[in-house]
$ cat final-v8.json   # JSON, C-alpha atoms
[["chain", "number", "residue", "atom", "x", "y", "z"],
["A", 1, "MET", "CA", -14.14, 25.06, 39.91],
["A", 2, "LYS", "CA", -17.17, 23.29, 38.54],
["A", 3, "THR", "CA", -17.74, 19.76, 39.75],
["A", 4, "ARG", "CA", -19.98, 17.06, 38.39],
["A", 5, "PRO", "CA", -20.80, 13.43, 39.07],
["A", 6, "MET", "CA", -19.01, 10.60, 37.27],
["A", 7, "LEU", "CA", -19.83, 6.95, 36.62],
["A", 8, "THR", "CA", -18.24, 4.26, 38.78],
["A", 9, "LEU", "CA", -17.82, 0.60, 37.85],
["A", 10, "ASP", "CA", -20.66, -0.19, 40.25],
["A", 11, "ASP", "CA", -22.94, 2.28, 38.42],
["A", 12, "CYS", "CA", -22.04, 0.57, 35.15],
["A", 13, "ARG", "CA", -22.85, -2.84, 36.55],
["A", 14, "LYS", "CA", -26.23, -1.52, 37.69],
["A", 15, "ILE", "CA", -27.04, -0.01, 34.29],
["A", 16, "SER", "CA", -25.84, -3.09, 32.45],
["A", 17, "ALA", "CA", -27.78, -5.53, 34.63],
["A", 18, "ALA", "CA", -31.04, -3.60, 34.20],
["A", 19, "ALA", "CA", -30.54, -3.37, 30.45],
["A", 20, "GLU", "CA", -29.73, -7.07, 30.24],
["A", 21, "ALA", "CA", -32.86, -7.89, 32.27],
["A", 22, "GLU", "CA", -34.98, -5.85, 29.84],
["A", 23, "ALA", "CA", -33.45, -7.71, 26.90],
["A", 24, "LYS", "CA", -33.89, -11.10, 28.55],
["A", 25, "LYS", "CA", -37.53, -10.35, 29.36],
["A", 26, "ASN", "CA", -38.14, -9.94, 25.63],
["A", 27, "LYS", "CA", -35.89, -12.87, 24.67],
["A", 28, "TRP", "CA", -33.52, -10.55, 22.84],
["A", 29, "ASN", "CA", -29.78, -11.24, 22.54],
["A", 30, "VAL", "CA", -27.89, -7.96, 22.41],
["A", 31, "CYS", "CA", -24.63, -6.27, 23.28],
["A", 32, "ILE", "CA", -24.69, -3.45, 25.86],
["A", 33, "ALA", "CA", -21.82, -0.93, 26.00],
["A", 34, "ILE", "CA", -21.30, 1.87, 28.52],
["A", 35, "LEU", "CA", -18.81, 4.69, 27.94],
["A", 36, "ASP", "CA", -17.72, 7.76, 29.89],
["A", 37, "ASP", "CA", -18.37, 11.32, 28.73],
["A", 38, "GLY", "CA", -15.17, 11.35, 26.69],
["A", 39, "GLY", "CA", -16.30, 8.29, 24.77],
["A", 40, "ASP", "CA", -13.89, 5.90, 26.48],
["A", 41, "LEU", "CA", -15.13, 2.41, 27.24],
["A", 42, "LEU", "CA", -16.25, 1.58, 30.79],
["A", 43, "HIS", "CA", -18.21, -1.65, 30.51],
["A", 44, "VAL", "CA", -19.31, -4.15, 27.87],
["A", 45, "VAL", "CA", -21.60, -7.16, 27.96],
["A", 46, "ARG", "CA", -22.33, -9.28, 24.90],
["A", 47, "MET", "CA", -25.20, -11.66, 25.61],
["A", 48, "ASP", "CA", -25.00, -15.23, 24.30],
["A", 49, "GLY", "CA", -26.29, -15.30, 20.75],
["A", 50, "ALA", "CA", -25.45, -11.69, 19.91],
["A", 51, "THR", "CA", -23.18, -11.38, 16.87],
["A", 52, "PRO", "CA", -19.55, -10.24, 16.93],
["A", 53, "ALA", "CA", -20.61, -7.16, 14.96],
["A", 54, "ASN", "CA", -23.00, -6.20, 17.75],
["A", 55, "SER", "CA", -20.13, -5.43, 20.14],
["A", 56, "HIS", "CA", -18.58, -3.00, 17.68],
["A", 57, "ILE", "CA", -21.88, -1.31, 16.82],
["A", 58, "ALA", "CA", -23.01, -0.99, 20.45],
["A", 59, "VAL", "CA", -19.74, 0.72, 21.38],
["A", 60, "GLU", "CA", -20.00, 3.18, 18.48],
["A", 61, "LYS", "CA", -23.64, 4.05, 19.24],
["A", 62, "GLY", "CA", -22.81, 4.64, 22.90],
["A", 63, "ARG", "CA", -19.74, 6.70, 21.98],
["A", 64, "THR", "CA", -21.80, 8.92, 19.68],
["A", 65, "ALA", "CA", -24.40, 9.54, 22.40],
["A", 66, "ALA", "CA", -21.73, 10.21, 25.05],
["A", 67, "ARG", "CA", -19.66, 12.63, 23.02],
["A", 68, "THR", "CA", -22.50, 14.56, 21.39],
["A", 69, "ARG", "CA", -24.76, 14.49, 24.48],
["A", 70, "ARG", "CA", -27.64, 13.39, 22.28],
["A", 71, "SER", "CA", -29.46, 10.17, 21.45],
["A", 72, "THR", "CA", -28.34, 8.50, 18.24],
["A", 73, "LEU", "CA", -32.01, 8.69, 17.16],
["A", 74, "THR", "CA", -31.60, 12.48, 17.09],
["A", 75, "TRP", "CA", -28.74, 12.01, 14.65],
["A", 76, "GLN", "CA", -30.72, 9.51, 12.60],
["A", 77, "GLU", "CA", -33.59, 11.99, 12.21],
["A", 78, "ARG", "CA", -31.30, 14.93, 11.52],
["A", 79, "ILE", "CA", -29.46, 13.06, 8.80],
["A", 80, "ALA", "CA", -32.74, 11.98, 7.18],
["A", 81, "LYS", "CA", -33.36, 15.68, 6.58],
["A", 82, "ARG", "CA", -29.76, 16.83, 6.10],
["A", 83, "PRO", "CA", -27.65, 14.04, 4.56],
["A", 84, "GLU", "CA", -24.56, 16.27, 4.62],
["A", 85, "LEU", "CA", -24.43, 15.62, 8.39],
["A", 86, "LEU", "CA", -23.19, 12.12, 7.56],
["A", 87, "MET", "CA", -19.82, 13.85, 7.32],
["A", 88, "MET", "CA", -19.88, 14.70, 11.05],
["A", 89, "PRO", "CA", -16.84, 13.09, 12.66],
["A", 90, "GLY", "CA", -17.42, 10.10, 14.92],
["A", 91, "VAL", "CA", -21.17, 9.92, 14.53],
["A", 92, "THR", "CA", -22.99, 6.59, 14.22],
["A", 93, "PRO", "CA", -26.47, 7.78, 13.37],
["A", 94, "VAL", "CA", -28.52, 4.70, 14.24],
["A", 95, "GLN", "CA", -31.07, 4.56, 17.06],
["A", 96, "GLY", "CA", -29.97, 2.60, 20.12],
["A", 97, "GLY", "CA", -27.54, 5.00, 21.81],
["A", 98, "LEU", "CA", -28.54, 7.27, 24.70],
["A", 99, "PRO", "CA", -26.59, 9.82, 26.75],
["A", 100, "ILE", "CA", -26.53, 9.36, 30.53],
["A", 101, "MET", "CA", -27.58, 12.69, 32.02],
["A", 102, "ALA", "CA", -27.49, 13.65, 35.71],
["A", 103, "GLU", "CA", -27.50, 17.00, 37.48],
["A", 104, "GLY", "CA", -27.46, 18.77, 34.14],
["A", 105, "ALA", "CA", -24.27, 17.04, 33.00],
["A", 106, "CYS", "CA", -23.59, 14.21, 30.59],
["A", 107, "LEU", "CA", -21.83, 11.38, 32.41],
["A", 108, "GLY", "CA", -21.48, 9.11, 29.40],
["A", 109, "GLY", "CA", -23.52, 7.00, 27.06],
["A", 110, "VAL", "CA", -25.15, 3.60, 26.65],
["A", 111, "GLY", "CA", -25.17, 1.84, 23.29],
["A", 112, "VAL", "CA", -27.17, -1.27, 22.46],
["A", 113, "SER", "CA", -27.09, -3.42, 19.33],
["A", 114, "GLY", "CA", -28.73, -6.72, 18.44],
["A", 115, "VAL", "CA", -32.42, -6.23, 17.74],
["A", 116, "GLN", "CA", -34.49, -3.60, 15.94],
["A", 117, "SER", "CA", -33.16, -0.11, 16.53],
["A", 118, "HIS", "CA", -36.13, 1.10, 18.57],
["A", 119, "GLU", "CA", -35.86, -2.04, 20.69],
["A", 120, "ASP", "CA", -32.15, -1.39, 21.19],
["A", 121, "GLU", "CA", -33.05, 2.05, 22.54],
["A", 122, "GLN", "CA", -35.73, 0.56, 24.79],
["A", 123, "ILE", "CA", -33.03, -1.60, 26.38],
["A", 124, "ALA", "CA", -30.63, 1.32, 26.77],
["A", 125, "ALA", "CA", -33.37, 3.41, 28.41],
["A", 126, "ALA", "CA", -34.19, 0.59, 30.86],
["A", 127, "GLY", "CA", -30.53, 0.50, 31.83],
["A", 128, "ILE", "CA", -30.23, 4.22, 32.44],
["A", 129, "LYS", "CA", -33.47, 4.20, 34.46],
["A", 130, "ALA", "CA", -31.81, 1.90, 37.00],
["A", 131, "LEU", "CA", -29.28, 4.60, 37.82],
["A", 132, "ALA", "CA", -31.85, 7.12, 39.04],
["B", 1, "MET", "CA", 41.82, 5.24, 13.26],
["B", 2, "LYS", "CA", 43.28, 5.75, 9.76],
["B", 3, "PRO", "CA", 41.06, 5.01, 6.73],
["B", 4, "GLN", "CA", 43.07, 1.96, 5.60],
["B", 5, "LEU", "CA", 43.11, 0.54, 9.08],
["B", 6, "ARG", "CA", 39.36, 1.11, 9.46],
["B", 7, "ALA", "CA", 38.70, -0.71, 6.17],
["B", 8, "ALA", "CA", 40.86, -3.62, 7.26],
["B", 9, "ALA", "CA", 39.09, -3.82, 10.60],
["B", 10, "GLY", "CA", 35.71, -3.69, 8.85],
["B", 11, "CYS", "CA", 36.72, -6.57, 6.57],
["B", 12, "LEU", "CA", 37.89, -8.59, 9.52],
["B", 13, "LEU", "CA", 34.57, -8.05, 11.32],
["B", 14, "ALA", "CA", 32.59, -9.08, 8.24],
["B", 15, "CYS", "CA", 34.66, -12.24, 7.89],
["B", 16, "LEU", "CA", 34.12, -13.07, 11.57],
["B", 17, "ALA", "CA", 30.35, -12.53, 11.24],
["B", 18, "LEU", "CA", 30.27, -14.80, 8.18],
["B", 19, "ALA", "CA", 32.26, -17.48, 10.01],
["B", 20, "ALA", "CA", 29.92, -17.24, 13.00],
["B", 21, "SER", "CA", 26.80, -17.56, 10.84],
["B", 22, "ALA", "CA", 28.32, -20.53, 9.05],
["B", 23, "GLN", "CA", 28.90, -22.26, 12.36],
["B", 24, "GLN", "CA", 25.49, -21.50, 13.87],
["B", 25, "PRO", "CA", 22.54, -21.73, 11.49],
["B", 26, "SER", "CA", 19.68, -19.39, 12.34],
["B", 27, "PRO", "CA", 17.04, -21.12, 14.47],
["B", 28, "LEU", "CA", 14.48, -19.55, 12.13],
["B", 29, "ASP", "CA", 15.74, -21.85, 9.34],
["B", 30, "VAL", "CA", 14.74, -25.00, 11.23],
["B", 31, "VAL", "CA", 11.70, -26.71, 9.67],
["B", 32, "PRO", "CA", 9.72, -28.57, 12.37],
["B", 33, "ASP", "CA", 7.75, -31.70, 11.44],
["B", 34, "LYS", "CA", 4.63, -30.73, 13.37],
["B", 35, "MET", "CA", 2.47, -27.62, 13.51],
["B", 36, "PRO", "CA", 3.32, -25.45, 16.49],
["B", 37, "ASN", "CA", 0.50, -24.18, 18.71],
["B", 38, "ASP", "CA", -2.06, -26.43, 17.06],
["B", 39, "ILE", "CA", -4.90, -25.62, 19.44],
["B", 40, "PRO", "CA", -8.36, -26.02, 17.89],
["B", 41, "TYR", "CA", -10.76, -23.09, 18.03],
["B", 42, "GLY", "CA", -13.91, -23.93, 19.96],
["B", 43, "ALA", "CA", -17.30, -22.32, 20.48],
["B", 44, "PRO", "CA", -17.31, -18.68, 21.65],
["B", 45, "ILE", "CA", -17.16, -18.27, 25.43],
["B", 46, "ALA", "CA", -20.56, -17.80, 27.11],
["B", 47, "LEU", "CA", -21.26, -14.44, 28.74],
["B", 48, "ASP", "CA", -21.61, -15.99, 32.21],
["B", 49, "ARG", "CA", -18.08, -17.39, 32.10],
["B", 50, "ALA", "CA", -16.66, -14.22, 30.59],
["B", 51, "GLN", "CA", -18.21, -12.18, 33.39],
["B", 52, "ALA", "CA", -16.95, -14.63, 36.00],
["B", 53, "ALA", "CA", -13.43, -14.10, 34.64],
["B", 54, "ILE", "CA", -13.82, -10.31, 34.75],
["B", 55, "ALA", "CA", -15.25, -10.40, 38.28],
["B", 56, "ALA", "CA", -12.34, -12.56, 39.51],
["B", 57, "ALA", "CA", -9.77, -10.32, 37.82],
["B", 58, "VAL", "CA", -11.34, -7.14, 39.20],
["B", 59, "ALA", "CA", -11.50, -8.69, 42.69],
["B", 60, "GLU", "CA", -7.79, -9.63, 42.56],
["B", 61, "SER", "CA", -6.88, -6.17, 41.31],
["B", 62, "LYS", "CA", -8.98, -4.49, 44.04],
["B", 63, "LYS", "CA", -7.40, -6.69, 46.72],
["B", 64, "ARG", "CA", -3.99, -5.37, 45.70],
["B", 65, "GLY", "CA", -5.14, -1.78, 45.36],
["B", 66, "TRP", "CA", -4.57, -1.71, 41.59],
["B", 67, "LYS", "CA", -6.74, -0.07, 38.90],
["B", 68, "LEU", "CA", -6.87, -2.02, 35.67],
["B", 69, "ASN", "CA", -8.91, -2.58, 32.53],
["B", 70, "VAL", "CA", -10.03, -6.14, 31.87],
["B", 71, "ALA", "CA", -11.32, -7.46, 28.54],
["B", 72, "VAL", "CA", -12.58, -10.89, 27.49],
["B", 73, "VAL", "CA", -12.89, -11.81, 23.82],
["B", 74, "ASP", "CA", -14.41, -14.91, 22.21],
["B", 75, "SER", "CA", -12.69, -17.52, 20.02],
["B", 76, "GLY", "CA", -13.01, -15.11, 17.08],
["B", 77, "GLY", "CA", -11.22, -12.34, 18.95],
["B", 78, "ASN", "CA", -14.36, -10.21, 19.32],
["B", 79, "LEU", "CA", -15.25, -8.49, 22.58],
["B", 80, "VAL", "CA", -17.66, -10.31, 24.91],
["B", 81, "ALA", "CA", -17.19, -8.48, 28.21],
["B", 82, "PHE", "CA", -15.18, -5.54, 29.45],
["B", 83, "ALA", "CA", -14.75, -3.57, 32.67],
["B", 84, "ARG", "CA", -12.75, -0.45, 33.48],
["B", 85, "MET", "CA", -12.04, -0.14, 37.18],
["B", 86, "ASP", "CA", -12.53, 3.29, 38.73],
["B", 87, "GLY", "CA", -9.53, 5.45, 37.93],
["B", 88, "ALA", "CA", -7.88, 3.02, 35.48],
["B", 89, "GLN", "CA", -5.62, 4.40, 32.75],
["B", 90, "LEU", "CA", -7.49, 5.30, 29.53],
["B", 91, "ALA", "CA", -4.84, 4.15, 27.05],
["B", 92, "SER", "CA", -5.12, 0.69, 28.56],
["B", 93, "ILE", "CA", -8.74, 0.24, 27.44],
["B", 94, "ALA", "CA", -7.56, -0.48, 23.91],
["B", 95, "ILE", "CA", -4.44, -2.29, 25.13],
["B", 96, "SER", "CA", -6.41, -4.76, 27.29],
["B", 97, "GLU", "CA", -8.64, -5.63, 24.32],
["B", 98, "HIS", "CA", -5.61, -5.88, 22.03],
["B", 99, "LYS", "CA", -3.87, -8.29, 24.42],
["B", 100, "ALA", "CA", -6.97, -10.49, 24.63],
["B", 101, "ARG", "CA", -7.48, -10.45, 20.86],
["B", 102, "ALA", "CA", -3.83, -11.22, 20.12],
["B", 103, "SER", "CA", -3.83, -14.09, 22.62],
["B", 104, "ALA", "CA", -6.97, -15.60, 21.03],
["B", 105, "THR", "CA", -6.01, -15.15, 17.39],
["B", 106, "PHE", "CA", -2.37, -16.26, 17.84],
["B", 107, "ARG", "CA", -3.36, -19.05, 20.25],
["B", 108, "ARG", "CA", -0.69, -18.19, 22.82],
["B", 109, "GLU", "CA", 0.06, -15.91, 25.73],
["B", 110, "THR", "CA", 1.17, -12.41, 24.72],
["B", 111, "LYS", "CA", 4.15, -12.95, 27.04],
["B", 112, "VAL", "CA", 5.62, -15.08, 24.24],
["B", 113, "PHE", "CA", 5.84, -12.01, 22.01],
["B", 114, "GLU", "CA", 7.37, -9.93, 24.77],
["B", 115, "ALA", "CA", 10.02, -12.58, 25.39],
["B", 116, "GLY", "CA", 10.68, -13.06, 21.68],
["B", 117, "ILE", "CA", 11.24, -9.37, 21.10],
["B", 118, "GLN", "CA", 13.46, -9.16, 24.19],
["B", 119, "ASN", "CA", 15.54, -11.99, 22.69],
["B", 120, "GLY", "CA", 16.10, -9.97, 19.56],
["B", 121, "ASN", "CA", 13.49, -11.55, 17.30],
["B", 122, "ASN", "CA", 12.44, -8.15, 16.07],
["B", 123, "TYR", "CA", 10.54, -9.62, 13.12],
["B", 124, "LEU", "CA", 7.75, -10.38, 15.62],
["B", 125, "ILE", "CA", 6.89, -6.66, 15.70],
["B", 126, "THR", "CA", 6.08, -6.82, 11.97],
["B", 127, "LEU", "CA", 3.42, -9.56, 12.34],
["B", 128, "ASP", "CA", -0.18, -8.35, 12.07],
["B", 129, "GLY", "CA", -1.96, -7.80, 15.35],
["B", 130, "VAL", "CA", 0.97, -8.61, 17.65],
["B", 131, "ILE", "CA", 1.33, -6.93, 21.03],
["B", 132, "GLY", "CA", 4.69, -7.35, 22.74],
["B", 133, "SER", "CA", 3.54, -7.21, 26.33],
["B", 134, "ARG", "CA", 2.45, -9.83, 28.84],
["B", 135, "GLY", "CA", -1.10, -9.79, 30.25],
["B", 136, "GLY", "CA", -3.03, -11.67, 27.55],
["B", 137, "ILE", "CA", -3.95, -15.28, 28.30],
["B", 138, "MET", "CA", -5.97, -17.92, 26.42],
["B", 139, "LEU", "CA", -9.16, -19.38, 27.87],
["B", 140, "LEU", "CA", -9.49, -23.08, 27.07],
["B", 141, "ASP", "CA", -12.30, -25.58, 27.52],
["B", 142, "GLY", "CA", -11.61, -29.26, 26.92],
["B", 143, "GLY", "CA", -8.44, -28.40, 25.02],
["B", 144, "LYS", "CA", -10.27, -25.98, 22.72],
["B", 145, "LEU", "CA", -9.79, -22.24, 22.65],
["B", 146, "ILE", "CA", -13.03, -20.48, 23.63],
["B", 147, "GLY", "CA", -11.60, -17.02, 24.15],
["B", 148, "ALA", "CA", -8.93, -14.97, 25.89],
["B", 149, "ILE", "CA", -8.55, -12.45, 28.69],
["B", 150, "GLY", "CA", -6.45, -9.29, 28.53],
["B", 151, "CYS", "CA", -5.50, -6.91, 31.33],
["B", 152, "SER", "CA", -3.80, -3.53, 31.14],
["B", 153, "GLY", "CA", -3.21, -0.48, 33.28],
["B", 154, "GLY", "CA", -0.30, -1.47, 35.50],
["B", 155, "THR", "CA", 3.14, -2.88, 34.79],
["B", 156, "GLY", "CA", 3.10, -5.94, 32.55],
["B", 157, "SER", "CA", 3.78, -8.08, 35.60],
["B", 158, "GLN", "CA", 0.82, -6.60, 37.48],
["B", 159, "ASP", "CA", -1.39, -7.07, 34.44],
["B", 160, "GLU", "CA", -0.35, -10.70, 34.24],
["B", 161, "VAL", "CA", -1.12, -11.46, 37.90],
["B", 162, "VAL", "CA", -4.65, -10.09, 37.50],
["B", 163, "CYS", "CA", -5.06, -11.84, 34.16],
["B", 164, "LYS", "CA", -4.20, -15.19, 35.69],
["B", 165, "ALA", "CA", -6.72, -14.67, 38.49],
["B", 166, "GLY", "CA", -9.37, -14.03, 35.83],
["B", 167, "ALA", "CA", -8.39, -17.04, 33.72],
["B", 168, "GLU", "CA", -8.47, -19.25, 36.84],
["B", 169, "ALA", "CA", -12.22, -18.55, 37.15],
["B", 170, "VAL", "CA", -12.93, -20.06, 33.73],
["B", 171, "LYS", "CA", -11.16, -23.38, 34.37]]

$ encode --input "final-v8.json" --output "structure tokens"
Amino acid sequence: MKTRPMLTLDDCRKISAAAEAEAKKNKWNVCIAILDDGGDLLHVVRMDGATPANSHIAVEKGRTAARTRRSTLTWQERIAKRPELLMMPGVTPVQGGLPIMAEGACLGGVGVSGVQSHEDEQIAAAGIKALA
Amino acid sequence: MKPQLRAAAGCLLACLALAASAQQPSPLDVVPDKMPNDIPYGAPIALDRAQAAIAAAVAESKKRGWKLNVAVVDSGGNLVAFARMDGAQLASIAISEHKARASATFRRETKVFEAGIQNGNNYLITLDGVIGSRGGIMLLDGGKLIGAIGCSGGTGSQDEVVCKAGAEAVK
């Protein structure tokens, strides 16, 4: 049988804290969501000042990245060229969602929402970096 | 039973039911003078306090060897913080958030719905956004509702114990 690593609650706390620190450093108020590889929620943090919508968007970005094993930026760029891909089920094609990869497997995804999309991704990347 | 007899018995039962309802008016027909559950909505709960509630709930759950999902929503019913403990049931992710949201938007514990439905008030099931299971508790600050905590993954009674431990941290 094939085995692979999986995220624990402690891992999630680590990722979330690093992402939050990156956001705080830039004085950004965002929501950070972490999901497992099936797209089920593991951890959410909505910083003070982030909007209610941010928690929904962050979860959907993270879910897209987790389930498709790709960044949501990839989807954004693909759809710019092929709008018919908007019909793909369960895809939120807005930058700010990254898959969490380790040992060649996708363990889940991180989604961030609250600032400009490339800044959202910067925060997500800072979070994932803390896991390594 | 013969058809005539059955009809007679049916009539008798209907008459009895009518007599009973005439004697005891439905409690749903009572018109109270004051608004029930008139708790004002306050500012949304700050992340620090939401995370303190989650940490306390997770600690209580861990102490007992349980694996639960814990969600905290703000005064608008939107998610502020969430944690899934290692090995917690997946269906309960949505349920924990639903319990928290229902508690915040209805301004009461979700246990009230559970009890109401158990008592035969089945109309409660038809109300938008209701969840008929304990484990959703309001978070108040100075008498105002700032959010709610919801727990799910165990029995309702287990969920409630952990929920209370979380809510305690916000007081």

$ residues_near_point --input "final-v8.json" --point "(-4.6, -13.1, 24.1)" --cutoff "9 Å" --atoms "all atoms listed in the file" --output "PyMOL selection string"
chain B and resi 72-73+77+97-110+135-139+147-150

$ interface_residues --input "final-v8.json" --of "chain B" --to "chain A" --cutoff "7 Å" --atoms "all atoms listed in the file" --output "list in words"
Ala46, Leu47, Asn78, Leu79, Val80, Ala81, Phe82, Ala83, Arg84, Met85, Asp86 and Ile93 of chain B

$ atom_distance --input "final-v8.json" --atom1 "atom CA of Tyr123 of chain B" --atom2 "atom CA of Pro25 of chain B"
17.1 Å

$ closest_residue --input "final-v8.json" --among "A:Thr74, A:Lys81, A:Ala58, A:Lys2" --to "Val30 of chain A" --atoms "only C-alpha atoms"
A:Ala58

$ residues_around --input "final-v8.json" --residues "Ile39 of chain B" --least-positions-apart "5" --cutoff "9 Å" --atoms "all atoms listed in the file" --output "list of chain:residue names"
B:Arg107, B:Gly143, B:Lys144, B:Leu145

$ residues_near_point --input "final-v8.json" --point "(-12.7, -19.3, 35.0)" --cutoff "7 Å" --atoms "all atoms listed in the file" --output "compact mmCIF listing (two decimals) with C-alpha atoms, in the frame of the given file"
# COMPACT_ATOMS: atom_id res chain seq x y z
CA ARG B 49 -18.08 -17.39 32.10
CA ALA B 52 -16.95 -14.63 36.00
CA ALA B 53 -13.43 -14.10 34.64
CA GLY B 166 -9.37 -14.03 35.83
CA ALA B 167 -8.39 -17.04 33.72
CA GLU B 168 -8.47 -19.25 36.84
CA ALA B 169 -12.22 -18.55 37.15
CA VAL B 170 -12.93 -20.06 33.73
CA LYS B 171 -11.16 -23.38 34.37

$ atom_distance --input "final-v8.json" --atom1 "atom CA of Ala50 of chain B" --atom2 "atom CA of Asn29 of chain A"
15.7 Å

$ residues_around --input "final-v8.json" --residues "Arg134 of chain B" --least-positions-apart "4" --cutoff "8 Å" --atoms "all atoms listed in the file" --output "list in words"
Lys99, Glu109, Thr110, Lys111, Val112, Phe113, Glu114, Gly156, Ser157, Asp159 and Glu160 of chain B

$ closest_residue --input "final-v8.json" --among "A:Met87, A:Ala130, A:Ala18, A:Ala105" --to "Arg67 of chain A" --atoms "only C-alpha atoms"
A:Ala105

$ residues_around --input "final-v8.json" --residues "Ser96 of chain B" --least-positions-apart "6" --cutoff "7 Å" --atoms "all atoms listed in the file" --output "PDB file with C-alpha atoms, keeping the file's coordinate frame"
ATOM      1  CA  ASN B  69      -8.910  -2.580  32.530  1.00  0.00           C
ATOM      2  CA  VAL B  70     -10.030  -6.140  31.870  1.00  0.00           C
ATOM      3  CA  ALA B  71     -11.320  -7.460  28.540  1.00  0.00           C
ATOM      4  CA  GLY B 150      -6.450  -9.290  28.530  1.00  0.00           C
ATOM      5  CA  CYS B 151      -5.500  -6.910  31.330  1.00  0.00           C
ATOM      6  CA  SER B 152      -3.800  -3.530  31.140  1.00  0.00           C
TER       7      SER B 152
END

$ atom_distance --input "final-v8.json" --atom1 "atom CA of Gly90 of chain A" --atom2 "atom CA of Gly129 of chain B"
23.7 Å

$ closest_residue --input "final-v8.json" --among "A:Pro89, A:Gly114, A:Gly62, A:Gly127" --to "Trp28 of chain A" --atoms "all atoms listed in the file"
A:Gly114

$ residues_around --input "final-v8.json" --residues "Ala65 of chain A" --least-positions-apart "4" --cutoff "12 Å" --atoms "all atoms listed in the file" --output "PyMOL selection string"
chain A and resi 33-40+58-61+69-76+90-101+106-112+121+124

$ build_atoms --input "final-v8.json" --residues "segment 150-155 of chain B" --atoms "all heavy atoms" --output "PDB file, in the coordinates of the input"
ATOM      1  N   GLY B 150      -7.542 -10.250  28.596  1.00  0.00           N
ATOM      2  CA  GLY B 150      -6.450  -9.290  28.530  1.00  0.00           C
ATOM      3  C   GLY B 150      -6.592  -8.254  29.621  1.00  0.00           C
ATOM      4  O   GLY B 150      -7.695  -7.782  29.888  1.00  0.00           O
ATOM      5  N   CYS B 151      -5.480  -7.917  30.279  1.00  0.00           N
ATOM      6  CA  CYS B 151      -5.500  -6.910  31.330  1.00  0.00           C
ATOM      7  C   CYS B 151      -4.443  -5.853  31.019  1.00  0.00           C
ATOM      8  O   CYS B 151      -3.367  -6.175  30.528  1.00  0.00           O
ATOM      9  CB  CYS B 151      -5.181  -7.517  32.689  1.00  0.00           C
ATOM     10  SG  CYS B 151      -6.419  -8.695  33.220  1.00  0.00           S
ATOM     11  N   SER B 152      -4.769  -4.604  31.340  1.00  0.00           N
ATOM     12  CA  SER B 152      -3.800  -3.530  31.140  1.00  0.00           C
ATOM     13  C   SER B 152      -4.103  -2.358  32.063  1.00  0.00           C
ATOM     14  O   SER B 152      -5.247  -2.113  32.428  1.00  0.00           O
ATOM     15  CB  SER B 152      -3.817  -3.083  29.687  1.00  0.00           C
ATOM     16  OG  SER B 152      -2.870  -2.065  29.486  1.00  0.00           O
ATOM     17  N   GLY B 153      -3.050  -1.647  32.418  1.00  0.00           N
ATOM     18  CA  GLY B 153      -3.210  -0.480  33.280  1.00  0.00           C
ATOM     19  C   GLY B 153      -2.072  -0.363  34.285  1.00  0.00           C
ATOM     20  O   GLY B 153      -1.785   0.718  34.779  1.00  0.00           O
ATOM     21  N   GLY B 154      -1.432  -1.488  34.571  1.00  0.00           N
ATOM     22  CA  GLY B 154      -0.300  -1.470  35.500  1.00  0.00           C
ATOM     23  C   GLY B 154       0.977  -1.816  34.765  1.00  0.00           C
ATOM     24  O   GLY B 154       1.071  -1.629  33.549  1.00  0.00           O
ATOM     25  N   THR B 155       1.972  -2.346  35.478  1.00  0.00           N
ATOM     26  CA  THR B 155       3.140  -2.880  34.790  1.00  0.00           C
ATOM     27  C   THR B 155       2.693  -4.187  34.143  1.00  0.00           C
ATOM     28  O   THR B 155       1.663  -4.755  34.532  1.00  0.00           O
ATOM     29  CB  THR B 155       4.283  -3.197  35.772  1.00  0.00           C
ATOM     30  OG1 THR B 155       3.831  -4.229  36.670  1.00  0.00           O
ATOM     31  CG2 THR B 155       4.672  -1.973  36.580  1.00  0.00           C
TER      32      THR B 155
END
